[in-house]
Amino acid sequence: MTGRPPRRGGPNRRRTDQGAAPVRADRAAPRDQTPSRGQAPPRDQAASRDQTPSRDQTPPRRQARPRAQTPPQLPAPPDELVELEIGPVAHHGLCVARADGRVVFVRHALPGERVLARITDVSHDRYWRADATEILVASPDRVEPPCPHARPGQCGGCDWQHATLDAQRRLKATVVEDSLRRIAGLERAVRVEPLPAKADDGLGWRTRMRFARTPDGGVGLRAHRSHQVVATPDCRIAHPSLAQVIADPVFLQGPAAPERTGQAVDLVATKLTASGTTSDAVAFSTGSGSWQLVRLRPEDGLEPVAPEAGAAEEPVEVAGPAGVAEAVEVVETVEGRSFRLEPGVFWQVHPAAAATLVDAVRAAAAAAPGETALDLYSGAGLFAAFLAEAVGPTGRVIAMESDEAAVRSAARSLADLPWVSLRSLRVTPATVRGLIGGSDRQGGGVDVAVLDPPRTGAGREVMAALLAHRPRRVVYVACDPAALARDVAAAAEEGYRLTALRAFDLFPMTSHVECVATLEPA
């Protein structure tokens, strides 16, 4: 993997697998269109504005239609290879390189490497995509991927298995730093913190996974940017309970099994308590859209579990054949508090993630007894519960969530906290402005706000509506650095500044990183 001398013709020399002569690249992309470090590949350009002249304008003379031009010669995947010098990291597990001036986003590479890459996408005028198939000069951070499926053209689930965990965290920190610099105009050093784990190897952590049915009756994951299903019976990041099930998915052979190749199968690792005995179990979605449980027995494999057999210790409610909810649940426990969730309700996939985020958000918010706290995009009530404990019965928490199943789950889990007001509403500028209004206003304004928006972020208008309540502190939980930077920039326009930022490696081996940002009045 290392030590091969550079090829003649420089790092952008192309060849086919059959050793054909080098091919000239397309014309270079303009320099001012080059994405900066940490930037995701750009979207296609929007349609131009209507330029129809007004009534008092003279219409322009009709111009002759330009003659058709012969398209430039492009690589023809999968036969064409290109030798590249790898530059800085970009978002989504990619690195930036150049081929004759054109930006190329390269997967399975590391900064500073020289690679032979296969061009996989030439559909964009400004950039191409490629996959590093051979490492000519390796980075010292490169390691052998622990998963046999983390290879070019195979599983798309992991992005950084070919890098050490320390290097993965440095790369993620760079992406966050560059997003803040490029979008919000902020210079801030970032350190990505690991989560508590029995072994810091980045494996066996994912408790919730969506697989697809393979033709032979097993399960697999999608290839990168593809609908192709890659059989992954030995997925290395799957929780041990899930790993046992996907290695021998006999439960998929019954009448409840997905009927089509490629049909989704959701799996959730859990604990099942029955007759005073707790055992590992896995909840899985069926072809009819309902859920079932299997108990994991080390001595004799998997055992189907009837809904009345016990209560689970993680978030799954099992539905009967007609889709009517039965009495089995899966319950997550954080700092001694149980959260009773339905199967489709969002919950963090790393076993230590929920407790880690609660600790970070609680410390950042510093809510005091008697205060009013907002929890936007509140999900199953994770942050609302601990905000409620902080403000106490003399305070109040207003939680807003649009997913009705999540609100039902929160209502069950937070029944002992009557000063929490759960509102099944979509977070919009109007609903945020109306949170404290009318009879609510007699209780005062907003002291603390927590928001955990989806990957797209809250958006400028929601941020403006939230900050119009003038909370003394806002804690923003973000799963996308670019969205966080956009909303931090929006907050600056409303007179708030970023005062603290922590980043966590909730998703080892992938490009994802979770941030907890604190905003305060400037």
# chains A, B, ... in the order shown; residues from 1 in each chain; ligands from 1
>>> select_by_dssp(residues="segment 344-442 of chain A", states="alpha helix (DSSP H)", output="compact mmCIF listing (two decimals) with C-alpha atoms, in the first residue's frame")
# COMPACT_ATOMS: atom_id res chain seq x y z
CA ALA A 353 -25.00 8.96 23.22
CA ALA A 354 -28.16 9.90 25.12
CA ALA A 355 -26.44 10.19 28.50
CA THR A 356 -23.50 12.07 26.97
CA LEU A 357 -25.76 14.63 25.31
CA VAL A 358 -27.93 15.06 28.41
CA ASP A 359 -24.83 15.84 30.45
CA ALA A 360 -23.55 18.33 27.86
CA VAL A 361 -26.90 20.06 27.31
CA ARG A 362 -27.70 20.28 31.03
CA ALA A 363 -24.31 21.85 31.77
CA ALA A 364 -24.60 24.31 28.89
CA ALA A 365 -28.19 25.35 29.67
CA LEU A 382 -35.04 13.31 26.48
CA PHE A 383 -33.92 16.90 27.10
CA ALA A 384 -37.34 18.04 28.34
CA ALA A 385 -37.18 15.53 31.19
CA PHE A 386 -33.87 16.78 32.53
CA LEU A 387 -34.76 20.43 31.96
CA ALA A 388 -37.88 19.77 34.03
CA GLU A 389 -35.82 18.31 36.84
CA ALA A 390 -33.62 21.43 36.77
CA VAL A 391 -36.42 24.05 36.81
CA GLU A 404 -47.18 12.17 17.07
CA ALA A 405 -45.60 8.84 18.04
CA ALA A 406 -42.74 10.70 19.74
CA VAL A 407 -45.20 12.91 21.63
CA ARG A 408 -47.13 9.84 22.80
CA SER A 409 -43.90 8.27 23.97
CA ALA A 410 -42.90 11.45 25.80
CA ALA A 411 -46.29 11.63 27.49
CA ARG A 412 -45.80 8.14 28.93
CA SER A 413 -42.21 8.80 29.97
CA PRO A 429 -41.77 30.60 12.89
CA ALA A 430 -45.47 31.02 13.72
CA THR A 431 -45.64 28.19 16.26
CA VAL A 432 -42.42 29.33 17.92
CA ARG A 433 -43.66 32.91 18.17
>>> residues_around(residues="Ala522 of chain A", least_positions_apart="6", cutoff="8 Å", atoms="only C-alpha atoms", output="CSV table (one decimal) with N, CA and C atoms, in the first residue's frame")
chain,number,residue,atom,x,y,z
A,495,GLY,N,-28.4,39.3,17.3
A,495,GLY,CA,-27.7,39.7,18.5
A,495,GLY,C,-27.2,38.7,19.4
A,496,TYR,N,-27.1,37.4,18.9
A,496,TYR,CA,-26.5,36.3,19.7
A,496,TYR,C,-25.2,35.9,19.2
A,497,ARG,N,-24.3,35.4,20.1
A,497,ARG,CA,-23.0,35.0,19.7
A,497,ARG,C,-22.8,33.6,20.2
>>> atom_distance(atom1="atom CA of Asp416 of chain A", atom2="atom CA of Thr333 of chain A")
15.4 Å
>>> atom_distance(atom1="atom CA of Val282 of chain A", atom2="atom CA of Arg208 of chain A")
9.7 Å
>>> residues_around(residues="Cys515 of chain A", least_positions_apart="5", cutoff="8 Å", atoms="only C-alpha atoms", output="PyMOL selection string")
chain A and resi 476-479+481+501-504
>>> atom_distance(atom1="atom CA of Arg340 of chain A", atom2="atom CA of Gln244 of chain A")
24.6 Å
>>> residues_around(residues="Pro111 of chain A", least_positions_apart="4", cutoff="6 Å", atoms="only C-alpha atoms", output="PyMOL selection string")
chain A and resi 86-88
>>> write_last_selection(atoms="N, CA, C and O atoms", output="mmCIF file, in the first residue's frame")
data_model
loop_
_atom_site.group_PDB
_atom_site.id
_atom_site.type_symbol
_atom_site.label_atom_id
_atom_site.label_comp_id
_atom_site.auth_asym_id
_atom_site.auth_seq_id
_atom_site.Cartn_x
_atom_site.Cartn_y
_atom_site.Cartn_z
ATOM 1 N N ILE A 86 -4.001 13.818 -3.044
ATOM 2 C CA ILE A 86 -5.165 14.098 -2.205
ATOM 3 C C ILE A 86 -4.902 15.321 -1.336
ATOM 4 O O ILE A 86 -3.882 15.396 -0.643
ATOM 5 N N GLY A 87 -5.839 16.248 -1.370
ATOM 6 C CA GLY A 87 -5.749 17.468 -0.576
ATOM 7 C C GLY A 87 -6.555 17.376 0.705
ATOM 8 O O GLY A 87 -6.676 16.306 1.307
ATOM 9 N N PRO A 88 -7.168 18.474 1.128
ATOM 10 C CA PRO A 88 -7.823 18.521 2.437
ATOM 11 C C PRO A 88 -9.118 17.715 2.475
ATOM 12 O O PRO A 88 -9.674 17.326 1.459
#
>>> residues_around(residues="Asp403 of chain A", least_positions_apart="4", cutoff="10 Å", atoms="only C-alpha atoms", output="number ranges by chain")
A: 344-346, 377-380, 407-408, 424-426
>>> write_last_selection(atoms="N, CA, C and O atoms", output="compact mmCIF listing (two decimals), in the first residue's frame")
# COMPACT_ATOMS: atom_id res chain seq x y z
N GLY A 344 -40.76 3.46 15.76
CA GLY A 344 -40.25 4.43 14.80
C GLY A 344 -39.78 5.73 15.40
O GLY A 344 -39.31 6.61 14.67
N VAL A 345 -39.87 5.87 16.70
CA VAL A 345 -39.48 7.13 17.34
C VAL A 345 -37.96 7.26 17.36
O VAL A 345 -37.25 6.31 17.66
N PHE A 346 -37.49 8.45 17.05
CA PHE A 346 -36.04 8.67 17.00
C PHE A 346 -35.42 8.50 18.38
O PHE A 346 -35.93 8.97 19.39
N TYR A 377 -38.14 20.65 18.79
CA TYR A 377 -37.81 19.36 18.18
C TYR A 377 -37.52 18.36 19.31
O TYR A 377 -36.50 17.69 19.33
N SER A 378 -38.46 18.25 20.24
CA SER A 378 -38.20 17.58 21.52
C SER A 378 -38.22 16.06 21.44
O SER A 378 -37.84 15.39 22.40
N GLY A 379 -38.68 15.47 20.33
CA GLY A 379 -38.62 14.02 20.19
C GLY A 379 -39.36 13.32 21.30
O GLY A 379 -40.50 13.66 21.65
N ALA A 380 -38.71 12.32 21.88
CA ALA A 380 -39.32 11.52 22.93
C ALA A 380 -39.17 12.14 24.31
O ALA A 380 -39.46 11.49 25.31
N VAL A 407 -44.47 12.20 20.57
CA VAL A 407 -45.20 12.91 21.63
C VAL A 407 -45.92 11.92 22.54
O VAL A 407 -45.93 12.08 23.77
N ARG A 408 -46.51 10.87 21.96
CA ARG A 408 -47.13 9.84 22.80
C ARG A 408 -46.10 9.18 23.71
O ARG A 408 -46.37 8.93 24.90
N SER A 424 -47.92 18.87 20.39
CA SER A 424 -47.74 18.14 19.14
C SER A 424 -47.91 19.13 17.99
O SER A 424 -48.97 19.25 17.38
N LEU A 425 -46.85 19.86 17.71
CA LEU A 425 -46.86 20.91 16.71
C LEU A 425 -45.59 20.85 15.88
O LEU A 425 -44.52 20.51 16.39
N ARG A 426 -45.69 21.22 14.63
CA ARG A 426 -44.52 21.37 13.79
C ARG A 426 -43.81 22.67 14.17
O ARG A 426 -44.45 23.69 14.41
>>> residues_around(residues="segment 129-136 of chain A", least_positions_apart="3", cutoff="9 Å", atoms="only C-alpha atoms", output="count of residues only")
30
>>> closest_residue(among="A:Val427, A:Val190, A:Val230, A:Ile246", to="Val513 of chain A", atoms="only C-alpha atoms")
A:Val190
>>> residues_around(residues="segment 470-475 of chain A", least_positions_apart="3", cutoff="7 Å", atoms="only C-alpha atoms", output="ChimeraX atom specification")
/A:361,364-365,446-451,467,516-521
>>> write_last_selection(atoms="all heavy atoms", output="CSV table (one decimal), in the first residue's frame")
chain,number,residue,atom,x,y,z
A,361,VAL,N,-25.8,19.1,27.4
A,361,VAL,CA,-26.9,20.1,27.3
A,361,VAL,C,-27.3,20.6,28.7
A,361,VAL,O,-27.5,21.9,28.8
A,361,VAL,CB,-28.1,19.4,26.6
A,361,VAL,CG1,-29.4,20.3,26.8
A,361,VAL,CG2,-27.8,19.1,25.2
A,364,ALA,N,-24.6,23.1,29.7
A,364,ALA,CA,-24.6,24.3,28.9
A,364,ALA,C,-25.8,25.2,29.2
A,364,ALA,O,-25.7,26.4,29.3
A,364,ALA,CB,-24.6,23.9,27.4
A,365,ALA,N,-27.0,24.6,29.4
A,365,ALA,CA,-28.2,25.3,29.7
A,365,ALA,C,-28.2,26.0,31.1
A,365,ALA,O,-28.6,27.1,31.2
A,365,ALA,CB,-29.4,24.5,29.5
A,446,VAL,N,-39.1,33.5,28.2
A,446,VAL,CA,-38.3,32.3,28.1
A,446,VAL,C,-36.9,32.6,28.7
A,446,VAL,O,-36.2,33.6,28.3
A,446,VAL,CB,-38.1,31.9,26.6
A,446,VAL,CG1,-37.2,30.7,26.5
A,446,VAL,CG2,-39.5,31.6,26.1
A,447,ASP,N,-36.4,31.7,29.6
A,447,ASP,CA,-35.1,31.9,30.2
A,447,ASP,C,-34.1,31.1,29.4
A,447,ASP,O,-33.0,31.5,29.1
A,447,ASP,CB,-35.1,31.4,31.6
A,447,ASP,CG,-36.1,32.3,32.5
A,447,ASP,OD1,-35.8,33.5,32.6
A,447,ASP,OD2,-37.1,31.7,32.9
A,448,VAL,N,-34.4,29.8,29.1
A,448,VAL,CA,-33.5,28.9,28.4
A,448,VAL,C,-34.2,28.2,27.3
A,448,VAL,O,-35.4,27.8,27.4
A,448,VAL,CB,-32.9,27.9,29.4
A,448,VAL,CG1,-32.1,26.8,28.8
A,448,VAL,CG2,-32.1,28.6,30.5
A,449,ALA,N,-33.5,28.0,26.2
A,449,ALA,CA,-34.0,27.2,25.1
A,449,ALA,C,-33.1,26.2,24.6
A,449,ALA,O,-31.9,26.4,24.6
A,449,ALA,CB,-34.4,28.2,23.9
A,450,VAL,N,-33.6,25.0,24.3
A,450,VAL,CA,-32.8,23.9,23.7
A,450,VAL,C,-33.5,23.5,22.4
A,450,VAL,O,-34.7,23.4,22.4
A,450,VAL,CB,-32.8,22.7,24.7
A,450,VAL,CG1,-32.1,21.5,24.0
A,450,VAL,CG2,-32.0,23.1,26.0
A,451,LEU,N,-32.7,23.3,21.4
A,451,LEU,CA,-33.2,22.8,20.1
A,451,LEU,C,-32.3,21.8,19.5
A,451,LEU,O,-31.1,21.9,19.6
A,451,LEU,CB,-33.5,24.0,19.1
A,451,LEU,CG,-32.3,24.8,18.6
A,451,LEU,CD1,-32.8,25.5,17.3
A,451,LEU,CD2,-31.9,25.8,19.6
A,467,LEU,N,-35.3,33.6,19.0
A,467,LEU,CA,-34.5,34.6,19.7
A,467,LEU,C,-35.3,35.8,20.0
A,467,LEU,O,-34.8,36.6,20.8
A,467,LEU,CB,-33.2,34.9,18.9
A,467,LEU,CG,-32.3,33.7,18.6
A,467,LEU,CD1,-31.1,34.0,17.8
A,467,LEU,CD2,-31.9,33.1,20.0
A,516,VAL,N,-22.7,20.4,20.3
A,516,VAL,CA,-23.6,21.1,21.2
A,516,VAL,C,-23.0,22.5,21.3
A,516,VAL,O,-21.9,22.7,21.9
A,516,VAL,CB,-23.6,20.4,22.6
A,516,VAL,CG1,-24.4,21.2,23.6
A,516,VAL,CG2,-24.1,18.9,22.5
A,517,ALA,N,-23.8,23.4,20.8
A,517,ALA,CA,-23.3,24.8,20.8
A,517,ALA,C,-24.1,25.7,21.7
A,517,ALA,O,-25.3,25.5,21.9
A,517,ALA,CB,-23.5,25.4,19.4
A,518,THR,N,-23.5,26.6,22.4
A,518,THR,CA,-24.1,27.5,23.3
A,518,THR,C,-24.2,28.9,22.7
A,518,THR,O,-23.1,29.5,22.3
A,518,THR,CB,-23.4,27.6,24.7
A,518,THR,OG1,-23.3,26.2,25.2
A,518,THR,CG2,-24.2,28.4,25.7
A,519,LEU,N,-25.3,29.5,22.7
A,519,LEU,CA,-25.5,30.9,22.2
A,519,LEU,C,-26.0,31.8,23.3
A,519,LEU,O,-26.9,31.4,24.1
A,519,LEU,CB,-26.5,30.9,21.0
A,519,LEU,CG,-26.2,30.0,19.8
A,519,LEU,CD1,-27.4,30.0,18.9
A,519,LEU,CD2,-25.0,30.6,19.1
A,520,GLU,N,-25.5,33.0,23.4
A,520,GLU,CA,-25.9,34.0,24.4
A,520,GLU,C,-26.0,35.3,23.8
A,520,GLU,O,-25.3,35.6,22.7
A,520,GLU,CB,-24.9,34.0,25.6
A,520,GLU,CG,-24.8,32.6,26.3
A,520,GLU,CD,-23.8,32.7,27.4
A,520,GLU,OE1,-24.2,33.1,28.6
A,520,GLU,OE2,-22.7,32.3,27.2
A,521,PRO,N,-26.7,36.2,24.4
A,521,PRO,CA,-26.8,37.6,23.8
A,521,PRO,C,-25.4,38.2,23.7
A,521,PRO,O,-24.6,38.1,24.7
A,521,PRO,CB,-27.7,38.3,24.8
A,521,PRO,CG,-28.5,37.3,25.4
A,521,PRO,CD,-27.6,36.1,25.5
